[in-house]
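Novice: Below is protein_32.tsv; it holds TSV, C-alpha atoms.
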chain	number	residue	atom	x	y	z
X	805	MET	CA	6.05	30.53	65.28
X	806	GLY	CA	3.41	28.46	66.99
X	807	ARG	CA	0.89	31.22	66.52
X	808	ILE	CA	1.66	31.37	62.79
X	809	ILE	CA	1.16	27.60	62.48
X	810	ASP	CA	-2.08	27.80	64.43
X	811	PHE	CA	-3.22	30.68	62.20
X	812	LEU	CA	-2.44	28.73	59.01
X	813	ASN	CA	-4.30	25.69	60.31
X	814	VAL	CA	-7.50	27.68	60.79
X	815	GLU	CA	-10.35	25.72	59.23
X	816	ILE	CA	-12.17	27.50	56.40
X	817	PHE	CA	-14.73	24.77	55.66
X	818	LYS	CA	-15.16	21.08	56.32
X	819	VAL	CA	-16.57	18.21	54.24
X	820	GLY	CA	-17.60	15.15	56.22
X	821	GLU	CA	-15.45	13.88	59.05
X	822	ASN	CA	-12.18	13.37	57.20
X	823	TYR	CA	-11.61	16.46	55.09
X	824	GLN	CA	-11.11	20.05	56.14
X	825	PHE	CA	-9.88	22.95	54.01
X	826	THR	CA	-7.54	25.20	55.94
X	827	LEU	CA	-5.91	28.55	55.34
X	828	LEU	CA	-2.64	26.72	54.59
X	829	ASN	CA	-4.36	24.74	51.84
X	830	LEU	CA	-5.68	28.00	50.38
X	831	LEU	CA	-2.21	29.54	50.48
X	832	PHE	CA	-0.62	26.58	48.67
X	833	THR	CA	-3.40	26.54	46.08
X	834	LEU	CA	-2.87	30.24	45.34
X	835	LEU	CA	0.90	29.63	45.02
X	836	VAL	CA	0.27	26.86	42.47
X	837	LEU	CA	-2.01	29.15	40.45
X	838	ALA	CA	0.53	31.98	40.58
X	839	ALA	CA	3.31	29.64	39.46
X	840	ALA	CA	1.17	28.35	36.57
X	841	VAL	CA	0.38	31.92	35.43
X	842	PHE	CA	4.05	32.85	35.63
X	843	VAL	CA	5.13	29.82	33.57
X	844	ILE	CA	2.46	30.51	30.92
X	845	ARG	CA	3.65	34.09	30.57
X	846	LYS	CA	7.30	33.08	30.28
X	847	GLN	CA	6.83	30.01	28.08
X	848	LYS	CA	6.52	32.13	24.91
X	849	LEU	CA	9.89	33.72	25.58
X	850	LEU	CA	11.37	30.32	26.42
X	851	LEU	CA	10.07	28.78	23.19
X	852	THR	CA	11.48	31.69	21.18
X	853	GLN	CA	14.93	31.11	22.66
X	854	LEU	CA	14.71	27.35	22.11
X	855	GLY	CA	13.47	27.93	18.56
X	856	LYS	CA	16.51	30.04	17.76
X	857	PHE	CA	18.87	27.53	19.37
X	858	PHE	CA	17.40	24.37	17.83
X	859	GLU	CA	16.14	26.06	14.62
X	860	ILE	CA	12.49	25.25	15.32
X	861	GLY	CA	10.05	26.70	12.79
X	862	GLN	CA	7.13	28.97	13.62
X	863	ASP	CA	4.52	26.25	13.02
X	864	GLU	CA	6.35	23.81	15.27
X	865	ARG	CA	6.59	26.44	18.02
X	866	ARG	CA	2.85	27.02	17.84
X	867	VAL	CA	2.16	23.29	18.20
X	868	ILE	CA	4.62	22.89	21.09
X	869	SER	CA	3.08	25.91	22.81
X	870	ARG	CA	-0.44	24.45	22.63
X	871	ALA	CA	0.72	21.05	23.86
X	872	PHE	CA	2.65	22.70	26.70
X	873	ARG	CA	-0.43	24.62	27.82
X	874	ILE	CA	-2.58	21.49	27.80
X	875	ILE	CA	-0.04	19.57	29.91
X	876	LEU	CA	0.41	22.53	32.24
X	877	PHE	CA	-3.35	22.84	32.68
X	878	TRP	CA	-3.77	19.23	33.81
X	879	LEU	CA	-0.66	19.39	35.99
X	880	THR	CA	-2.03	22.52	37.67
X	881	ILE	CA	-5.35	20.79	38.36
X	882	VAL	CA	-3.63	17.82	40.00
X	883	LEU	CA	-1.36	20.05	42.10
X	884	MET	CA	-4.33	22.13	43.20
X	885	PHE	CA	-6.12	19.02	44.45
X	886	LYS	CA	-2.93	17.93	46.19
X	887	THR	CA	-2.31	21.26	47.89
X	888	ALA	CA	-5.98	21.49	48.84
X	889	GLY	CA	-5.55	18.27	50.79
X	890	VAL	CA	-8.02	16.25	48.73
X	891	PRO	CA	-7.18	12.53	49.25
X	892	LEU	CA	-6.83	11.59	45.58
X	893	GLU	CA	-5.20	8.26	46.43
X	894	LYS	CA	-8.14	7.12	48.53
X	895	ILE	CA	-10.65	8.28	45.94
X	896	SER	CA	-8.87	6.59	43.04
X	897	ASP	CA	-8.30	3.41	45.09
X	898	TYR	CA	-12.03	2.90	45.61
X	899	GLN	CA	-12.95	-0.72	44.74
X	900	LEU	CA	-15.85	-1.06	42.31
X	901	TYR	CA	-15.99	-4.88	42.22
X	902	SER	CA	-13.80	-7.96	42.74
X	903	TYR	CA	-13.03	-10.83	40.37
X	904	ASP	CA	-10.81	-13.94	40.05
X	905	CYS	CA	-11.18	-14.72	43.74
X	906	GLU	CA	-9.36	-17.76	45.14
X	907	THR	CA	-8.61	-19.20	48.56
X	908	VAL	CA	-4.90	-19.10	49.49
X	909	VAL	CA	-2.80	-19.69	52.57
X	910	ASN	CA	-2.42	-16.62	54.76
X	911	PRO	CA	1.32	-15.84	54.93
X	912	ASP	CA	0.76	-13.83	58.15
X	913	TYR	CA	-1.11	-16.63	59.93
X	914	ASP	CA	0.07	-17.20	63.53
X	915	ASN	CA	-1.35	-20.28	65.24
X	916	THR	CA	-0.28	-18.95	68.64
X	917	LEU	CA	-2.77	-16.13	68.37
X	918	PRO	CA	-6.54	-16.46	68.62
X	919	ILE	CA	-8.41	-16.74	65.36
X	920	SER	CA	-9.76	-13.40	64.20
X	921	GLU	CA	-10.79	-11.67	61.00
X	922	ASN	CA	-7.16	-10.97	60.06
X	923	ASN	CA	-5.57	-14.08	61.62
X	924	ARG	CA	-6.93	-16.94	59.58
X	925	GLN	CA	-5.11	-19.89	58.07
X	926	ASN	CA	-6.82	-19.49	54.69
X	927	ILE	CA	-7.89	-16.21	53.22
X	928	LYS	CA	-9.66	-15.17	50.04
X	929	LYS	CA	-7.47	-13.34	47.54
X	930	CYS	CA	-9.19	-11.34	44.77
X	931	SER	CA	-8.32	-9.00	41.99
X	932	TYR	CA	-10.12	-5.68	42.27
X	933	PHE	CA	-11.39	-3.34	39.62
X	934	ARG	CA	-10.79	0.09	41.09
X	935	LEU	CA	-11.80	3.60	40.18
X	936	SER	CA	-8.13	4.24	39.40
X	937	ASN	CA	-8.37	1.79	36.47
X	938	ILE	CA	-10.98	3.98	34.81
X	939	ILE	CA	-9.16	7.21	35.65
X	940	ASN	CA	-5.85	5.89	34.32
X	941	SER	CA	-7.54	4.63	31.15
X	942	VAL	CA	-9.06	8.05	30.51
X	943	ILE	CA	-5.68	9.69	31.13
X	944	ILE	CA	-3.98	7.27	28.71
X	945	PHE	CA	-6.65	7.99	26.09
X	946	PHE	CA	-6.14	11.75	26.29
X	947	ILE	CA	-2.34	11.40	26.34
X	948	PHE	CA	-2.39	9.35	23.16
X	949	ARG	CA	-4.88	11.70	21.48
X	950	ILE	CA	-2.70	14.68	22.36
X	951	SER	CA	0.35	12.78	21.09
X	952	ILE	CA	-1.37	12.06	17.78
X	953	TRP	CA	-2.36	15.70	17.41
X	954	ILE	CA	1.17	16.92	18.20
X	955	ILE	CA	2.79	14.46	15.79
X	956	ILE	CA	0.36	15.28	12.96
X	957	GLN	CA	0.85	19.02	13.47
X	958	LEU	CA	4.64	18.72	13.51
X	959	LEU	CA	4.55	16.52	10.42
X	960	GLY	CA	2.31	19.08	8.72
X	961	ALA	CA	5.04	21.69	9.04
X	962	TYR	CA	7.58	19.14	7.79
X	963	TYR	CA	5.37	18.35	4.77
X	964	LYS	CA	5.20	22.04	3.84
X	965	ARG	CA	8.97	22.38	3.91
X	966	ARG	CA	9.45	19.25	1.81
X	967	LYS	CA	6.52	20.19	-0.47
X	968	MET	CA	5.15	16.66	-0.14
X	969	ASP	CA	2.01	15.83	-2.09
X	970	ILE	CA	-1.32	15.43	-0.29
X	971	GLY	CA	-1.60	11.72	-1.04
X	972	SER	CA	1.72	10.88	0.65
X	973	GLN	CA	0.83	13.06	3.62
X	974	TYR	CA	-2.49	11.24	4.02
X	975	ALA	CA	-0.87	7.79	3.83
X	976	ILE	CA	1.82	8.62	6.41
X	977	ASN	CA	-0.70	10.18	8.79
X	978	ARG	CA	-3.01	7.15	8.55
X	979	LEU	CA	-0.20	4.69	9.26
X	980	ILE	CA	0.92	6.71	12.29
X	981	LYS	CA	-2.66	6.92	13.58
X	982	TYR	CA	-3.26	3.18	13.15
X	983	PHE	CA	-0.03	2.36	15.00
X	984	ILE	CA	-0.67	4.76	17.88
X	985	TYR	CA	-4.31	3.69	18.22
X	986	THR	CA	-3.24	0.04	18.39
X	987	VAL	CA	-0.74	0.79	21.16
X	988	MET	CA	-3.37	2.91	22.93
X	989	VAL	CA	-5.99	0.14	22.88
X	990	LEU	CA	-3.48	-2.40	24.24
X	991	ALA	CA	-2.40	0.01	26.98
X	992	ILE	CA	-6.00	0.72	27.99
X	993	ILE	CA	-6.83	-3.01	28.08
X	994	GLU	CA	-3.81	-3.62	30.29
X	995	THR	CA	-4.75	-0.69	32.54
X	996	LEU	CA	-8.30	-1.95	32.96
X	997	GLY	CA	-6.90	-5.14	34.46
X	998	PHE	CA	-7.27	-7.58	31.59
X	999	GLN	CA	-4.41	-9.98	30.89
X	1000	LEU	CA	-3.09	-9.48	27.37
X	1001	THR	CA	-1.66	-13.01	27.27
X	1002	VAL	CA	-5.16	-14.43	27.73
X	1003	ILE	CA	-6.53	-12.09	25.06
X	1004	TRP	CA	-3.78	-13.03	22.59
X	1005	GLY	CA	-4.39	-16.72	23.23
X	1006	ALA	CA	-8.11	-16.38	22.66
X	1007	ALA	CA	-7.52	-14.21	19.59
X	1008	GLY	CA	-5.13	-16.78	18.15
X	1009	ALA	CA	-7.69	-19.55	18.56
X	1010	LEU	CA	-10.38	-17.39	16.97
X	1011	LEU	CA	-8.17	-16.34	14.07
X	1012	VAL	CA	-7.61	-19.96	13.11
X	1013	GLY	CA	-11.36	-20.39	12.74
X	1014	PHE	CA	-11.97	-17.02	11.12
X	1015	GLY	CA	-8.99	-17.29	8.76
X	1016	LEU	CA	-10.74	-19.57	6.30
X	1017	GLY	CA	-13.98	-17.61	6.25
X	1018	LEU	CA	-12.37	-14.16	6.18
X	1019	GLN	CA	-9.62	-14.67	3.62
X	1020	GLN	CA	-10.87	-11.84	1.43
X	1021	THR	CA	-11.18	-9.49	4.40
X	1022	PHE	CA	-7.59	-10.14	5.49
X	1023	ASN	CA	-6.51	-9.74	1.88
X	1024	ASP	CA	-8.15	-6.31	1.82
X	1025	LEU	CA	-6.53	-5.37	5.15
X	1026	PHE	CA	-3.01	-6.27	4.03
X	1027	SER	CA	-3.63	-4.61	0.67
X	1028	GLY	CA	-4.55	-1.39	2.48
X	1029	ILE	CA	-1.29	-1.53	4.44
X	1030	LEU	CA	0.68	-2.14	1.23
X	1031	ILE	CA	-1.00	0.80	-0.50
X	1032	MET	CA	-0.07	3.14	2.34
X	1033	ILE	CA	3.53	1.88	2.51
X	1034	GLU	CA	4.25	1.73	-1.23
X	1035	GLY	CA	2.32	4.88	-2.12
X	1036	SER	CA	1.12	3.40	-5.42
X	1037	VAL	CA	-2.24	5.12	-4.92
X	1038	HIS	CA	-2.81	8.40	-3.10
X	1039	VAL	CA	-5.80	10.44	-2.05
X	1040	GLY	CA	-6.70	12.75	-4.93
X	1041	ASP	CA	-5.47	10.39	-7.66
X	1042	MET	CA	-7.66	9.86	-10.71
X	1043	VAL	CA	-8.17	6.15	-11.38
X	1044	ARG	CA	-10.28	3.94	-13.60
X	1045	VAL	CA	-12.39	1.52	-11.54
X	1046	LYS	CA	-14.86	-0.90	-13.10
X	1047	GLY	CA	-14.64	0.97	-16.39
X	1048	GLU	CA	-15.44	4.35	-14.78
X	1049	VAL	CA	-13.11	7.23	-13.96
X	1050	GLY	CA	-13.15	8.62	-10.42
X	1051	LYS	CA	-11.12	10.42	-7.78
X	1052	ILE	CA	-9.86	8.63	-4.66
X	1053	THR	CA	-11.17	10.54	-1.65
X	1054	LYS	CA	-10.23	8.17	1.16
X	1055	ILE	CA	-7.91	5.20	1.66
X	1056	GLY	CA	-9.06	3.09	4.59
X	1057	ILE	CA	-7.50	0.05	6.17
X	1058	ARG	CA	-9.95	-2.31	4.40
X	1059	ALA	CA	-11.58	-0.33	1.61
X	1060	SER	CA	-11.11	2.92	-0.24
X	1061	GLU	CA	-13.66	5.48	-1.42
X	1062	VAL	CA	-13.71	6.66	-5.03
X	1063	LYS	CA	-15.85	9.64	-6.03
X	1064	MET	CA	-17.24	9.17	-9.53
X	1065	ARG	CA	-18.04	11.96	-11.96
X	1066	ASP	CA	-21.74	11.71	-11.19
X	1067	ASN	CA	-20.91	12.49	-7.52
X	1068	VAL	CA	-21.53	8.90	-6.40
X	1069	GLU	CA	-19.12	7.44	-3.84
X	1070	LEU	CA	-17.90	3.97	-4.84
X	1071	ILE	CA	-16.57	1.74	-2.02
X	1072	VAL	CA	-13.72	-0.33	-3.48
X	1073	PRO	CA	-11.96	-3.12	-1.52
X	1074	ASN	CA	-8.23	-2.44	-1.35
X	1075	SER	CA	-7.37	-5.79	-2.93
X	1076	HIS	CA	-8.89	-4.53	-6.20
X	1077	LEU	CA	-6.53	-1.54	-6.15
X	1078	VAL	CA	-3.51	-3.81	-5.62
X	1079	MET	CA	-4.23	-6.94	-7.64
X	1080	ASP	CA	-6.27	-5.63	-10.58
X	1081	GLY	CA	-4.75	-3.60	-13.37
X	1082	LEU	CA	-5.41	-0.03	-12.29
X	1083	ALA	CA	-5.12	3.03	-14.52
X	1084	ASN	CA	-3.77	5.90	-12.41
X	1085	TRP	CA	-3.51	9.27	-14.15
X	1086	ASN	CA	-1.64	10.93	-11.27
X	1087	HIS	CA	0.84	8.27	-10.15
X	1088	SER	CA	3.99	9.90	-11.53
X	1089	ASP	CA	2.60	13.16	-12.93
X	1090	HIS	CA	-0.41	15.28	-12.00
X	1091	SER	CA	-1.17	16.15	-15.62
X	1092	ALA	CA	-2.73	13.83	-18.20
X	1093	ARG	CA	-3.29	13.93	-21.96
X	1094	PHE	CA	-6.69	13.89	-23.62
X	1095	SER	CA	-7.97	14.45	-27.13
X	1096	VAL	CA	-10.81	15.90	-29.19
X	1097	ALA	CA	-11.46	14.43	-32.66
X	1098	VAL	CA	-12.88	16.49	-35.52
X	1099	GLY	CA	-13.33	16.02	-39.25
X	1100	VAL	CA	-13.39	18.67	-42.00
X	1101	ALA	CA	-14.46	18.55	-45.61
X	1102	TYR	CA	-12.06	17.59	-48.39
X	1103	GLY	CA	-10.48	20.66	-49.92
X	1104	SER	CA	-10.17	22.52	-46.58
X	1105	ASP	CA	-6.93	24.36	-45.78
X	1106	THR	CA	-5.17	21.90	-43.43
X	1107	THR	CA	-2.71	24.55	-42.20
X	1108	LEU	CA	-5.61	26.81	-41.24
X	1109	ILE	CA	-7.33	23.91	-39.43
X	1110	LYS	CA	-4.16	23.18	-37.47
X	1111	ASN	CA	-3.70	26.80	-36.39
X	1112	ILE	CA	-7.37	27.15	-35.39
X	1113	LEU	CA	-7.29	24.04	-33.23
X	1114	LEU	CA	-4.04	25.08	-31.53
X	1115	ASP	CA	-5.33	28.59	-30.81
X	1116	ILE	CA	-8.56	27.20	-29.32
X	1117	ALA	CA	-6.67	24.79	-27.06
X	1118	LYS	CA	-4.19	27.42	-25.85
X	1119	SER	CA	-6.98	29.87	-25.05
X	1120	HIS	CA	-8.72	27.47	-22.64
X	1121	PRO	CA	-7.75	28.29	-19.01
X	1122	LYS	CA	-7.49	24.63	-17.94
X	1123	VAL	CA	-5.24	23.48	-20.78
X	1124	ILE	CA	-1.62	23.70	-19.65
X	1125	TYR	CA	1.16	25.24	-21.76
X	1126	SER	CA	3.82	22.58	-21.10
X	1127	PRO	CA	3.53	20.10	-22.70
X	1128	ALA	CA	1.97	22.25	-25.40
X	1129	PRO	CA	-1.14	21.13	-27.33
X	1130	ILE	CA	-0.54	19.40	-30.65
X	1131	VAL	CA	-2.67	18.61	-33.69
X	1132	ARG	CA	-2.46	15.33	-35.58
X	1133	PHE	CA	-3.68	14.71	-39.10
X	1134	VAL	CA	-5.07	11.28	-38.34
X	1135	ASN	CA	-6.47	9.97	-41.61
X	1136	PHE	CA	-8.12	10.56	-44.94
X	1137	GLY	CA	-11.58	9.43	-43.98
X	1138	ASP	CA	-14.43	8.26	-46.16
X	1139	SER	CA	-16.04	11.68	-46.17
X	1140	SER	CA	-13.70	13.95	-44.20
X	1141	LEU	CA	-10.14	14.84	-43.32
X	1142	ASP	CA	-9.76	13.54	-39.76
X	1143	PHE	CA	-7.82	15.61	-37.21
X	1144	GLU	CA	-7.11	15.04	-33.51
X	1145	LEU	CA	-6.44	17.81	-31.00
X	1146	LEU	CA	-4.22	16.55	-28.15
X	1147	PHE	CA	-3.94	18.60	-24.95
X	1148	TRP	CA	-2.72	18.21	-21.37
X	1149	THR	CA	-4.58	19.29	-18.24
X	1150	TYR	CA	-4.36	18.98	-14.46
X	1151	ASP	CA	-8.14	18.81	-14.08
X	1152	VAL	CA	-8.49	15.12	-14.91
X	1153	PHE	CA	-11.73	14.87	-12.96
X	1154	GLY	CA	-13.41	17.63	-14.99
X	1155	VAL	CA	-11.91	16.80	-18.38
X	1156	LEU	CA	-15.33	16.04	-19.90
X	1157	ASP	CA	-16.32	19.68	-19.38
X	1158	ILE	CA	-13.03	20.83	-20.95
X	1159	GLN	CA	-13.62	18.64	-24.00
X	1160	SER	CA	-17.15	20.00	-24.29
X	1161	ASP	CA	-15.87	23.60	-24.14
X	1162	LEU	CA	-13.33	22.87	-26.87
X	1163	ARG	CA	-15.97	21.33	-29.15
X	1164	PHE	CA	-18.27	24.34	-28.71
X	1165	GLU	CA	-15.43	26.70	-29.57
X	1166	ILE	CA	-14.30	24.59	-32.55
X	1167	ASP	CA	-17.81	24.65	-34.00
X	1168	ARG	CA	-18.08	28.44	-33.52
X	1169	VAL	CA	-14.67	29.24	-35.04
X	1170	PHE	CA	-15.16	26.83	-37.96
X	1171	ARG	CA	-18.45	28.53	-38.80
X	1172	ALA	CA	-16.80	31.96	-38.60
X	1173	ASN	CA	-14.02	30.86	-40.98
X	1174	GLY	CA	-16.25	28.95	-43.38
X	1175	VAL	CA	-14.78	25.56	-42.50
X	1176	GLU	CA	-17.25	22.76	-43.20
X	1177	ILE	CA	-17.70	19.78	-40.89
X	1178	PRO	CA	-19.12	17.22	-43.33
X	1179	PHE	CA	-21.64	14.49	-42.70
X	1180	PRO	CA	-21.11	10.98	-44.08
X	1181	GLN	CA	-21.60	10.83	-47.86
X	1182	ARG	CA	-22.04	7.84	-50.17
X	1183	ASP	CA	-22.13	7.58	-53.98
X	1184	LEU	CA	-25.00	5.36	-55.14
X	1185	TRP	CA	-24.59	3.59	-58.52
X	1186	LEU	CA	-27.63	2.11	-60.24
X	1187	ARG	CA	-27.06	-0.70	-62.75
X	1188	ASN	CA	-30.39	-0.48	-64.54
X	1189	PRO	CA	-31.75	3.03	-64.09
X	1190	LYS	CA	-34.12	2.64	-67.06
X	1191	GLU	CA	-35.95	-0.22	-65.34
X	1192	LEU	CA	-36.67	1.98	-62.33
X	1193	LYS	CA	-38.53	4.57	-64.36
Kindly transcribe the structure held in the file into structure tokens.

Specialist:
Amino acid sequence: MGRIIDFLNVEIFKVGENYQFTLLNLLFTLLVLAAAVFVIRKQKLLLTQLGKFFEIGQDERRVISRAFRIILFWLTIVLMFKTAGVPLEKISDYQLYSYDCETVVNPDYDNTLPISENNRQNIKKCSYFRLSNIINSVIIFFIFRISIWIIIQLLGAYYKRRKMDIGSQYAINRLIKYFIYTVMVLAIIETLGFQLTVIWGAAGALLVGFGLGLQQTFNDLFSGILIMIEGSVHVGDMVRVKGEVGKITKIGIRASEVKMRDNVELIVPNSHLVMDGLANWNHSDHSARFSVAVGVAYGSDTTLIKNILLDIAKSHPKVIYSPAPIVRFVNFGDSSLDFELLFWTYDVFGVLDIQSDLRFEIDRVFRANGVEIPFPQRDLWLRNPKELK
């Protein structure tokens, strides 16, 4: 037995005076790697069994599998360092600098003993910023990032099952990210050694001063939170902002981005979306109604005009069938019979192109059927025509 122990303690290589890598360390490291490979191979079977038992969907299994491999990878790395005999505690406990030093009474002071470096009546007590603070902060950052990714992926599968619209998905994901990032920042600050009570006190004093000057900013911030909670506006909605129609491409915590029809991004403070009267074409329904006006000459067959307009609308690929297009006889105009073609479409952003296509087709079909689109006409009466000769 002694020979086996001596054999396992054979030194393979040595780093400095305090660390040596032995055959026993190599054996333990290989065992950790073998165990990790075994678990990775069996985890697919394990997830399949758990999926059947807990009714976990295929997308959720894929997400759990990726998260499990990431955690297993880091756990394997730590265990390998441990089994290799690397003194992680001493490395992580390395003091980078000291702060908040104060002189205090030494509780271990013994006046019967001679004064030495460790036996003093008063000693200096400091707080130390260690390498472990940085390492733990990095670990917390990656844990929270992985948590966000896992939650978003699992919610994505849930959204598909519930057939939730993209705008609601975006709002929920943003709220979750803001909450987790806030907790992450507070945890990292605490890990780095800063006192949160001091930070909150200083922040409270600053907020009193900033509150008056940043009223509009705070209004925009709270408006952004209200938009995400209420869901009155979603990403992808068509809205009218400052007299122009655009599509919401991003809802931020302070401002939202609206893409106009000329491909210009308009940055709109969230308070404008909450407090101002906002026309939203997609709030309760993704389709919207639009119209094309046309006038024909007096004496035209109104039934023929109605059928032509309906056939043109139904033949366009972006005009939906339900609700069906309708034609209104609007008025007896000064020089024409005025009609209005009403149609519904999902492509609210590109409706100008749809209206243009319909007008081109109306003009072509009217010409083919001999339907006249009149120009304004006026009858001129002369009181004294003889005097003009």

Novice: Need the shell around Arg870 in chain X: protein/DNA/RNA residues with any atom at most 12 Å away, counting all atoms listed in the file. Skip same-chain ones fewer than 5 positions apart. Format as a list in words?

Specialist: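 The contact residues come out as Ile844, Gln847, Lys848, Leu851, Asp863, Glu864, Arg865, Ile875, Leu876, Phe877, Ile950, Ser951, Trp953, Ile954, Gln957 and Leu958 of chain X.
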
Novice: In terms of the shortest atom-to-atom distance over all atoms listed in the file, which of X:Leu1156, X:Pro1180, X:Asn1173, X:Val1045 is closest to Ser1140 in chain X?

Specialist: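 When distances to Ser1140 in chain X are compared using all atoms listed in the file, the smallest one comes from X:Pro1180.
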
Novice: Excluding same-chain residues fewer than 2 positions from Val1175 in chain X, what lies within 8 Å of it counting only C-alpha atoms, as an MDAnalysis selection string?

Specialist: chainID X and resid 1100:1101 1104 1170:1173 1177

Novice: Go through X:Pro1121, X:Gly997, X:Gly1154, X:Gly1099 and flag the residue nearest Phe1133 in chain X, using only C-alpha atoms for the distances.

Specialist: X:Gly1099

Novice: Between CA of Trp1148 in chain X and CA of Ile1124 in chain X, what distance in Å does the model show, to one decimal?

Specialist: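 CA of Trp1148 in chain X sits 5.9 Å away from CA of Ile1124 in chain X.
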
Novice: Pick the closest to Arg1044 in chain X from X:Arg873, X:Arg1065, X:Arg1058, X:His1120: which is it, counting all atoms listed in the file?

Specialist: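 Closest to Arg1044 in chain X of all the choices is X:Arg1065.
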